[in-house]
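Engineer: What follows is work35.txt, compact mmCIF, C-alpha atoms.
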```
# COMPACT_ATOMS: atom_id res chain seq x y z
CA MET A 1 -146.59 -25.42 -104.94
CA ASP A 2 -146.74 -28.76 -103.16
CA SER A 3 -148.07 -29.27 -99.67
CA ASN A 4 -145.42 -28.80 -96.98
CA PHE A 5 -146.77 -31.22 -94.48
CA PRO A 6 -145.90 -34.86 -94.06
CA HIS A 7 -149.40 -36.23 -94.21
CA THR A 8 -147.92 -39.66 -94.83
CA LEU A 9 -145.90 -39.48 -91.62
CA PHE A 10 -148.72 -39.37 -89.13
CA ASN A 11 -152.03 -41.04 -88.85
CA MET A 12 -154.81 -38.77 -90.05
CA LYS A 13 -157.39 -40.46 -87.84
CA THR A 14 -155.30 -39.63 -84.78
CA GLU A 15 -155.05 -36.02 -85.94
CA ILE A 16 -158.83 -35.79 -86.37
CA LYS A 17 -159.35 -37.20 -82.85
CA ARG A 18 -156.83 -34.71 -81.45
CA ASN A 19 -158.54 -31.81 -83.26
CA ILE A 20 -161.90 -32.77 -81.77
CA THR A 21 -160.39 -33.25 -78.29
CA ILE A 22 -158.75 -29.80 -78.47
CA TRP A 23 -162.06 -28.29 -79.63
CA ILE A 24 -163.88 -29.77 -76.60
CA LEU A 25 -161.13 -28.40 -74.34
CA LEU A 26 -161.42 -24.96 -75.98
CA VAL A 27 -165.20 -24.82 -75.54
CA LEU A 28 -164.81 -25.77 -71.86
CA LEU A 29 -162.13 -23.10 -71.37
CA ILE A 30 -164.26 -20.43 -73.10
CA CYS A 31 -167.22 -21.24 -70.83
CA THR A 32 -164.96 -21.33 -67.75
CA SER A 33 -163.58 -17.86 -68.62
CA THR A 34 -167.11 -16.45 -68.86
CA ILE A 35 -168.14 -18.05 -65.55
CA PHE A 36 -165.09 -16.55 -63.80
CA SER A 37 -165.88 -13.17 -65.36
CA GLU A 38 -169.43 -13.25 -63.99
CA ASN A 39 -168.67 -14.42 -60.43
CA GLY A 40 -166.39 -11.50 -59.45
CA TYR A 41 -163.74 -13.74 -57.86
CA LYS A 42 -160.67 -11.78 -56.71
CA TYR A 43 -158.23 -13.45 -59.10
CA SER A 44 -160.66 -13.86 -62.03
CA PHE A 45 -158.56 -11.52 -64.17
CA LEU A 46 -155.45 -13.67 -63.76
CA ILE A 47 -157.36 -16.88 -64.50
CA ILE A 48 -159.08 -15.42 -67.58
CA ILE A 49 -155.79 -14.19 -69.07
CA GLY A 50 -154.11 -17.51 -68.19
CA LEU A 51 -156.90 -19.44 -69.93
CA SER A 52 -156.52 -17.17 -72.99
CA VAL A 53 -152.87 -18.20 -73.19
CA VAL A 54 -153.85 -21.90 -73.03
CA LYS A 55 -156.51 -21.36 -75.74
CA PHE A 56 -154.05 -19.47 -77.96
CA LEU A 57 -151.41 -22.20 -77.66
CA SER A 58 -153.98 -24.96 -78.25
CA VAL A 59 -155.19 -23.37 -81.49
CA ILE A 60 -151.75 -22.47 -82.82
CA PHE A 61 -150.11 -25.81 -82.00
CA GLN A 62 -152.97 -28.14 -82.96
CA PHE A 63 -155.20 -26.38 -85.52
CA VAL A 64 -152.42 -24.36 -87.21
CA GLU A 65 -150.10 -27.39 -86.83
CA VAL A 66 -147.16 -25.44 -85.44
CA LYS A 67 -146.33 -28.63 -83.52
CA HIS A 68 -144.92 -29.99 -86.81
CA ALA A 69 -143.06 -26.80 -87.71
CA HIS A 70 -139.46 -25.66 -87.21
CA PRO A 71 -138.60 -24.78 -83.56
CA VAL A 72 -138.26 -21.09 -84.54
CA TRP A 73 -142.02 -20.93 -85.24
CA LYS A 74 -142.78 -22.72 -81.97
CA LEU A 75 -140.57 -20.27 -80.09
CA THR A 76 -142.15 -17.29 -81.89
CA SER A 77 -145.60 -18.50 -80.78
CA LEU A 78 -144.40 -18.98 -77.19
CA LEU A 79 -142.65 -15.59 -77.17
CA PHE A 80 -145.85 -13.92 -78.33
CA VAL A 81 -148.00 -15.38 -75.53
CA ILE A 82 -145.33 -14.57 -72.95
CA ILE A 83 -145.36 -10.89 -74.08
CA TYR A 84 -149.18 -10.93 -74.04
CA PHE A 85 -149.47 -12.52 -70.59
CA PHE A 86 -146.84 -10.45 -68.79
CA GLY A 87 -147.69 -7.27 -70.73
CA VAL A 88 -151.32 -7.44 -69.64
CA LEU A 89 -150.29 -8.46 -66.11
CA ILE A 90 -147.93 -5.50 -65.70
CA LEU A 91 -150.24 -2.89 -67.25
CA PHE A 92 -153.48 -4.06 -65.60
CA MET B 1 -138.07 -40.92 -100.25
CA GLU B 2 -141.21 -38.83 -100.47
CA ASN B 3 -141.52 -38.97 -96.70
CA SER B 4 -137.98 -37.77 -96.19
CA ILE B 5 -138.53 -34.83 -98.58
CA ASN B 6 -141.70 -33.86 -96.78
CA LYS B 7 -140.01 -34.22 -93.41
CA GLN B 8 -137.16 -31.98 -94.59
CA ASN B 9 -139.65 -29.33 -95.75
CA THR B 10 -141.58 -29.50 -92.49
CA ASN B 11 -138.47 -29.02 -90.42
CA SER B 12 -137.25 -26.13 -92.54
CA ILE B 13 -137.51 -22.65 -91.08
CA TYR B 14 -138.74 -21.45 -94.50
CA TYR B 15 -141.81 -23.73 -94.49
CA PRO B 16 -144.10 -22.95 -91.54
CA PRO B 17 -147.69 -24.23 -91.84
CA GLY B 18 -149.36 -22.42 -94.74
CA GLY B 19 -146.08 -20.95 -96.01
CA ILE B 20 -143.75 -18.20 -94.87
CA LEU B 21 -145.65 -15.32 -96.52
CA ILE B 22 -148.85 -15.98 -94.59
CA TRP B 23 -146.70 -16.17 -91.45
CA PHE B 24 -145.26 -12.70 -92.10
CA LEU B 25 -148.86 -11.51 -92.30
CA ILE B 26 -149.82 -13.39 -89.12
CA ILE B 27 -146.89 -11.98 -87.14
CA LEU B 28 -147.67 -8.45 -88.38
CA GLU B 29 -151.36 -8.81 -87.57
CA ILE B 30 -151.15 -10.45 -84.16
CA PHE B 31 -148.44 -8.10 -82.96
CA THR B 32 -150.56 -5.12 -84.11
CA PHE B 33 -153.52 -6.49 -82.14
CA LEU B 34 -151.17 -7.20 -79.22
CA GLY B 35 -150.09 -3.55 -79.25
CA ALA B 36 -153.72 -2.40 -79.31
CA THR B 37 -154.53 -4.80 -76.45
CA LEU B 38 -151.68 -3.54 -74.28
CA ILE B 39 -152.59 0.11 -74.94
CA PHE B 40 -156.21 -0.74 -74.06
CA VAL B 41 -155.09 -2.29 -70.75
CA TYR B 42 -152.93 0.78 -70.04
CA TYR B 43 -155.91 3.11 -70.60
CA ARG B 44 -158.05 0.81 -68.46
CA HIS B 45 -155.51 1.11 -65.65
CA ASN B 46 -155.80 4.92 -65.83
CA SER B 47 -159.63 5.04 -65.99
CA PRO B 48 -160.85 1.87 -64.23
CA GLU B 49 -164.33 3.19 -63.44
CA GLU B 50 -165.07 4.36 -66.98
CA PHE B 51 -163.88 1.05 -68.44
CA ALA B 52 -165.74 -1.07 -65.86
CA GLN B 53 -168.92 0.91 -66.53
CA SER B 54 -168.53 0.60 -70.31
CA LYS B 55 -167.93 -3.15 -70.08
CA THR B 56 -171.41 -3.58 -68.59
CA LEU B 57 -172.83 -2.26 -71.90
CA LEU B 58 -171.45 -5.35 -73.68
CA ASN B 59 -173.13 -8.74 -73.67
CA PRO B 60 -170.57 -11.37 -72.52
CA ILE B 61 -172.96 -14.26 -73.21
CA LEU B 62 -173.36 -13.18 -76.84
CA GLY B 63 -169.58 -12.75 -77.01
CA THR B 64 -169.07 -16.25 -75.57
CA ILE B 65 -171.50 -17.78 -78.10
CA ASN B 66 -169.68 -15.99 -80.90
CA THR B 67 -166.31 -17.24 -79.61
CA ILE B 68 -167.57 -20.84 -79.60
CA ILE B 69 -168.94 -20.35 -83.14
CA LEU B 70 -165.57 -19.06 -84.40
CA ILE B 71 -163.61 -21.84 -82.66
CA THR B 72 -165.99 -24.47 -84.06
CA SER B 73 -165.49 -22.96 -87.50
CA GLY B 74 -161.73 -23.30 -86.95
CA LEU B 75 -162.21 -26.98 -86.05
CA PHE B 76 -164.07 -27.65 -89.32
CA ILE B 77 -161.34 -25.94 -91.34
CA ALA B 78 -158.68 -28.06 -89.54
CA LEU B 79 -160.75 -31.20 -90.27
CA SER B 80 -161.13 -30.21 -93.93
CA ILE B 81 -157.31 -30.09 -94.21
CA ASN B 82 -157.11 -33.56 -92.61
CA LYS B 83 -159.65 -34.88 -95.12
CA LEU B 84 -157.96 -33.27 -98.12
CA ARG B 85 -154.73 -35.03 -97.12
CA GLU B 86 -156.68 -38.28 -97.56
CA ASN B 87 -157.96 -36.98 -100.95
CA ASN B 88 -161.48 -37.13 -99.54
CA TYR B 89 -162.85 -34.18 -101.56
CA ARG B 90 -166.47 -34.62 -100.55
CA LYS B 91 -165.84 -34.42 -96.80
CA SER B 92 -163.12 -31.80 -97.18
CA SER B 93 -165.40 -29.43 -99.14
CA LEU B 94 -168.30 -30.18 -96.78
CA TYR B 95 -166.19 -29.22 -93.75
CA ILE B 96 -165.08 -26.01 -95.49
CA LEU B 97 -168.75 -25.25 -96.14
CA PHE B 98 -169.55 -25.78 -92.42
CA GLY B 99 -166.62 -23.51 -91.52
CA VAL B 100 -167.79 -20.77 -93.91
CA THR B 101 -171.39 -21.03 -92.66
CA LEU B 102 -170.24 -20.61 -89.05
CA GLY B 103 -168.04 -17.69 -90.15
CA VAL B 104 -171.11 -16.03 -91.69
CA LEU B 105 -173.07 -16.73 -88.49
CA PHE B 106 -170.29 -15.04 -86.50
CA LEU B 107 -170.56 -11.98 -88.77
CA ILE B 108 -174.37 -11.87 -88.43
CA ILE B 109 -174.19 -11.96 -84.61
CA LYS B 110 -171.41 -9.36 -84.61
CA GLY B 111 -173.39 -7.24 -87.07
CA TYR B 112 -176.42 -7.46 -84.75
CA GLU B 113 -174.22 -6.35 -81.84
CA PHE B 114 -172.82 -3.43 -83.88
CA TYR B 115 -176.32 -2.39 -84.96
CA HIS B 116 -177.56 -2.55 -81.35
CA LYS B 117 -174.63 -0.39 -80.18
CA LEU B 118 -175.12 2.22 -82.89
CA ASP B 119 -178.87 2.24 -82.28
CA SER B 120 -178.17 3.00 -78.60
CA GLY B 121 -175.92 5.90 -79.60
CA ILE B 122 -172.70 4.09 -78.66
CA GLY B 123 -170.40 5.08 -81.48
CA PHE B 124 -166.67 5.44 -82.04
CA ASN B 125 -166.40 8.65 -79.99
CA TYR B 126 -168.63 7.55 -77.08
CA ASN B 127 -165.59 7.13 -74.77
CA ASN B 128 -162.09 5.61 -74.79
CA PHE B 129 -163.38 2.09 -74.12
CA PHE B 130 -165.67 2.16 -77.14
CA THR B 131 -163.02 3.75 -79.37
CA PHE B 132 -160.92 0.64 -78.67
CA TYR B 133 -163.97 -1.60 -78.97
CA TRP B 134 -164.86 -0.33 -82.45
CA LEU B 135 -161.24 -0.34 -83.63
CA MET B 136 -160.43 -3.86 -82.45
CA THR B 137 -163.71 -5.64 -83.18
CA GLY B 138 -164.18 -3.63 -86.41
CA PHE B 139 -160.78 -4.64 -87.80
CA HIS B 140 -161.38 -8.22 -86.71
CA PHE B 141 -164.78 -8.14 -88.46
CA VAL B 142 -163.09 -7.08 -91.72
CA HIS B 143 -160.55 -9.94 -91.36
CA VAL B 144 -163.33 -12.50 -90.84
CA LEU B 145 -165.25 -11.08 -93.80
CA PHE B 146 -162.19 -11.49 -96.03
CA GLY B 147 -161.62 -15.00 -94.61
CA VAL B 148 -165.18 -16.03 -95.43
CA GLY B 149 -164.65 -14.94 -99.05
CA LEU B 150 -161.32 -16.79 -99.21
CA LEU B 151 -162.79 -20.00 -97.78
CA ALA B 152 -165.84 -19.78 -100.07
CA TYR B 153 -163.42 -19.75 -103.02
CA MET B 154 -161.51 -22.72 -101.52
CA TYR B 155 -164.79 -24.59 -101.08
CA LYS B 156 -165.51 -24.31 -104.81
CA ALA B 157 -161.93 -25.20 -105.74
CA VAL B 158 -161.78 -28.30 -103.49
CA LYS B 159 -165.20 -29.43 -104.72
CA LYS B 160 -163.90 -29.20 -108.30
CA LYS B 161 -160.83 -31.22 -107.22
CA LYS B 162 -158.39 -28.43 -108.11
CA TYR B 163 -156.36 -29.41 -105.05
CA ASN B 164 -155.24 -32.77 -103.69
CA ALA B 165 -153.06 -34.24 -100.96
CA GLU B 166 -149.88 -33.40 -102.90
CA HIS B 167 -151.00 -29.98 -104.08
CA MET B 168 -152.90 -28.10 -101.37
CA PHE B 169 -150.63 -25.22 -100.46
CA ASP B 170 -153.30 -22.55 -101.13
CA VAL B 171 -155.86 -24.39 -99.01
CA GLU B 172 -153.35 -24.66 -96.15
CA ALA B 173 -152.52 -20.95 -96.43
CA SER B 174 -156.24 -20.05 -96.38
CA ALA B 175 -156.79 -22.30 -93.36
CA THR B 176 -153.86 -20.64 -91.57
CA TYR B 177 -155.36 -17.22 -92.32
CA TRP B 178 -158.69 -18.39 -90.87
CA HIS B 179 -157.01 -19.66 -87.70
CA MET B 180 -155.33 -16.26 -87.40
CA CYS B 181 -158.85 -14.77 -87.08
CA ASP B 182 -159.48 -17.29 -84.24
CA LEU B 183 -156.21 -16.33 -82.56
CA ILE B 184 -156.91 -12.59 -82.71
CA TRP B 185 -160.39 -13.12 -81.28
CA ILE B 186 -159.00 -15.31 -78.47
CA LEU B 187 -156.80 -12.35 -77.46
CA ILE B 188 -159.31 -9.50 -77.70
CA PHE B 189 -162.48 -11.22 -76.47
CA PRO B 190 -161.46 -11.60 -72.78
CA ILE B 191 -159.87 -8.14 -72.68
CA LEU B 192 -162.98 -6.38 -73.97
CA TYR B 193 -165.82 -8.56 -72.65
CA LEU B 194 -164.58 -10.38 -69.57
CA ILE B 195 -162.08 -8.44 -67.45
```
As structure tokens, please, write out the structure in this file.
Structural biologist:
Amino acid sequence: MDSNFPHTLFNMKTEIKRNITIWILLVLLICTSTIFSENGYKYSFLIIIGLSVVKFLSVIFQFVEVKHAHPVWKLTSLLFVIIYFFGVLILF
Amino acid sequence: MENSINKQNTNSIYYPPGGILIWFLIILEIFTFLGATLIFVYYRHNSPEEFAQSKTLLNPILGTINTIILITSGLFIALSINKLRENNYRKSSLYILFGVTLGVLFLIIKGYEFYHKLDSGIGFNYNNFFTFYWLMTGFHFVHVLFGVGLLAYMYKAVKKKKYNAEHMFDVEASATYWHMCDLIWILIFPILYLI
């Protein structure tokens, strides 16, 4: 089966730069989450879960390339993180 | 013409990245882990002291290092897809190899953590926290193990030029599976190790 993605439609160099930028952002967010976990700040829990949502969306939109997919797949991804965020928030 | 065909495919609901079948698997998997996560948080709410005490038996620094390793592996797999779209087989296979190596490193560190836990007598039935810990991290471990095997096969196939920019569906599906392992870890790591 042929590739589904329009590699001719966007500049691959730009995509590579974006992937690396997102990776740097993810590493910073992972370290930030751990720092908040260690310092015992009152709202650490909320920040850590919020950062998880940002990390999830960054990976799924950039690395998995959902940003190029049909809106249904974008909405499914967003719906999932909304359930995760509010589910954890309510049950915590 | 080719561009318009590709654009049409991309915008079709039936052609998410990696194909619709891998997406059925992803939805099934991440919603299963979501359910486990929410049940874990519910149990935590009912026994906060037991869960807070148990969390101190985990090493968040080791968990953070492992998270960075897995995310970096995901980056290399994403870059290998970019390079394969340019028909750059050498770099594409090299990036897959980096991704697989980091995946193996993740498994080694996780294996060390599992061994340390078992050696300390912290097994599946230790308490509720560790029942969830073994279930969630154990299942994730199996997924990563399968992903490493899948990517190792893709490494050989790309190196032998079995795929190219116009025919790389299997590589994309494998990459999507690998990113699913990242996504699951992103959800369970903070719940188990950080909060």
Engineer: Rank nothing, just name the residue among B:Phe169, B:Trp185, B:Tyr14, B:Phe139 nearest to chain A, using all atoms listed in the file.
Structural biologist: B:Phe169
Engineer: Dump as an NGL selection string the residues of chain B that approach chain A to within 7 Å, counting all atoms listed in the file.
Structural biologist: :B and (3 or 6-7 or 9-13 or 15-17 or 34 or 38 or 41-42 or 45 or 64 or 68 or 75 or 78-79 or 82 or 85 or 166-169 or 176 or 179 or 183 or 186-187 or 190 or 194-195)
Engineer: Those same residues, written as a PDB file, in the coordinates of the input with C-alpha atoms?
Structural biologist:
```pdb
ATOM      1  CA  ASN B   3    -141.520 -38.970 -96.700  1.00  0.00           C
ATOM      2  CA  ASN B   6    -141.700 -33.860 -96.780  1.00  0.00           C
ATOM      3  CA  LYS B   7    -140.010 -34.220 -93.410  1.00  0.00           C
ATOM      4  CA  ASN B   9    -139.650 -29.330 -95.750  1.00  0.00           C
ATOM      5  CA  THR B  10    -141.580 -29.500 -92.490  1.00  0.00           C
ATOM      6  CA  ASN B  11    -138.470 -29.020 -90.420  1.00  0.00           C
ATOM      7  CA  SER B  12    -137.250 -26.130 -92.540  1.00  0.00           C
ATOM      8  CA  ILE B  13    -137.510 -22.650 -91.080  1.00  0.00           C
ATOM      9  CA  TYR B  15    -141.810 -23.730 -94.490  1.00  0.00           C
ATOM     10  CA  PRO B  16    -144.100 -22.950 -91.540  1.00  0.00           C
ATOM     11  CA  PRO B  17    -147.690 -24.230 -91.840  1.00  0.00           C
ATOM     12  CA  LEU B  34    -151.170  -7.200 -79.220  1.00  0.00           C
ATOM     13  CA  LEU B  38    -151.680  -3.540 -74.280  1.00  0.00           C
ATOM     14  CA  VAL B  41    -155.090  -2.290 -70.750  1.00  0.00           C
ATOM     15  CA  TYR B  42    -152.930   0.780 -70.040  1.00  0.00           C
ATOM     16  CA  HIS B  45    -155.510   1.110 -65.650  1.00  0.00           C
ATOM     17  CA  THR B  64    -169.070 -16.250 -75.570  1.00  0.00           C
ATOM     18  CA  ILE B  68    -167.570 -20.840 -79.600  1.00  0.00           C
ATOM     19  CA  LEU B  75    -162.210 -26.980 -86.050  1.00  0.00           C
ATOM     20  CA  ALA B  78    -158.680 -28.060 -89.540  1.00  0.00           C
ATOM     21  CA  LEU B  79    -160.750 -31.200 -90.270  1.00  0.00           C
ATOM     22  CA  ASN B  82    -157.110 -33.560 -92.610  1.00  0.00           C
ATOM     23  CA  ARG B  85    -154.730 -35.030 -97.120  1.00  0.00           C
ATOM     24  CA  GLU B 166    -149.880 -33.400-102.900  1.00  0.00           C
ATOM     25  CA  HIS B 167    -151.000 -29.980-104.080  1.00  0.00           C
ATOM     26  CA  MET B 168    -152.900 -28.100-101.370  1.00  0.00           C
ATOM     27  CA  PHE B 169    -150.630 -25.220-100.460  1.00  0.00           C
ATOM     28  CA  THR B 176    -153.860 -20.640 -91.570  1.00  0.00           C
ATOM     29  CA  HIS B 179    -157.010 -19.660 -87.700  1.00  0.00           C
ATOM     30  CA  LEU B 183    -156.210 -16.330 -82.560  1.00  0.00           C
ATOM     31  CA  ILE B 186    -159.000 -15.310 -78.470  1.00  0.00           C
ATOM     32  CA  LEU B 187    -156.800 -12.350 -77.460  1.00  0.00           C
ATOM     33  CA  PRO B 190    -161.460 -11.600 -72.780  1.00  0.00           C
ATOM     34  CA  LEU B 194    -164.580 -10.380 -69.570  1.00  0.00           C
ATOM     35  CA  ILE B 195    -162.080  -8.440 -67.450  1.00  0.00           C
TER      36      ILE B 195
END
```
Engineer: Quick one: pull the distance between atom CA of Ile61 of chain B and atom CA of Leu118 of chain B, Å, one decimal.
Structural biologist: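 Atom CA of Ile61 of chain B sits 19.2 Å away from atom CA of Leu118 of chain B.
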Engineer: What is the atom CA of Ala36 of chain B to atom CA of His143 of chain B distance in Å?
Structural biologist: 15.8 Å
Engineer: For segment 126-131 of chain B, find every residue with an atom within 12 Å (counting all atoms listed in the file), except residues of its own chain fewer than 4 positions away, and show them as a PyMOL selection string.
Structural biologist: chain B and resi 36-37+39-58+114+117-118+120-122+135-138+191-193
Engineer: Using only C-alpha atoms, give me every residue within 10 Å of (-156.5, -28.6, -103.3) in file coordinates, as a count of residues only.
Structural biologist: 27
Engineer: What does the distance from atom CA of Gly123 of chain B to atom CA of Thr101 of chain B come to in Å, to one decimal?
Structural biologist: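 According to the coordinates, atom CA of Gly123 of chain B and atom CA of Thr101 of chain B are separated by 28.4 Å.
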Engineer: Return the single residue from B:Phe146, B:Lys83, B:Tyr133, B:Tyr153 that is closest to Val104 of chain B, with distances computed using all atoms listed in the file.
Structural biologist: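 For Val104 of chain B, the nearest of the given residues is B:Phe146.
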Engineer: Which of these, B:Asn66, B:Ser80, B:Asn88, B:Asn125, has the shortest distance to Gly103 of chain B once you count only C-alpha atoms?
Structural biologist: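 Once distances to Gly103 of chain B are computed over only C-alpha atoms, the minimum belongs to B:Asn66.
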Engineer: Give the answer as one residue: which of B:Phe132, B:Trp178, B:Phe31, B:Tyr112 has the shortest atom-to-atom distance to Ala152 of chain B, using only C-alpha atoms?
Structural biologist: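 The shortest atom-to-atom distance to Ala152 of chain B comes from B:Trp178.
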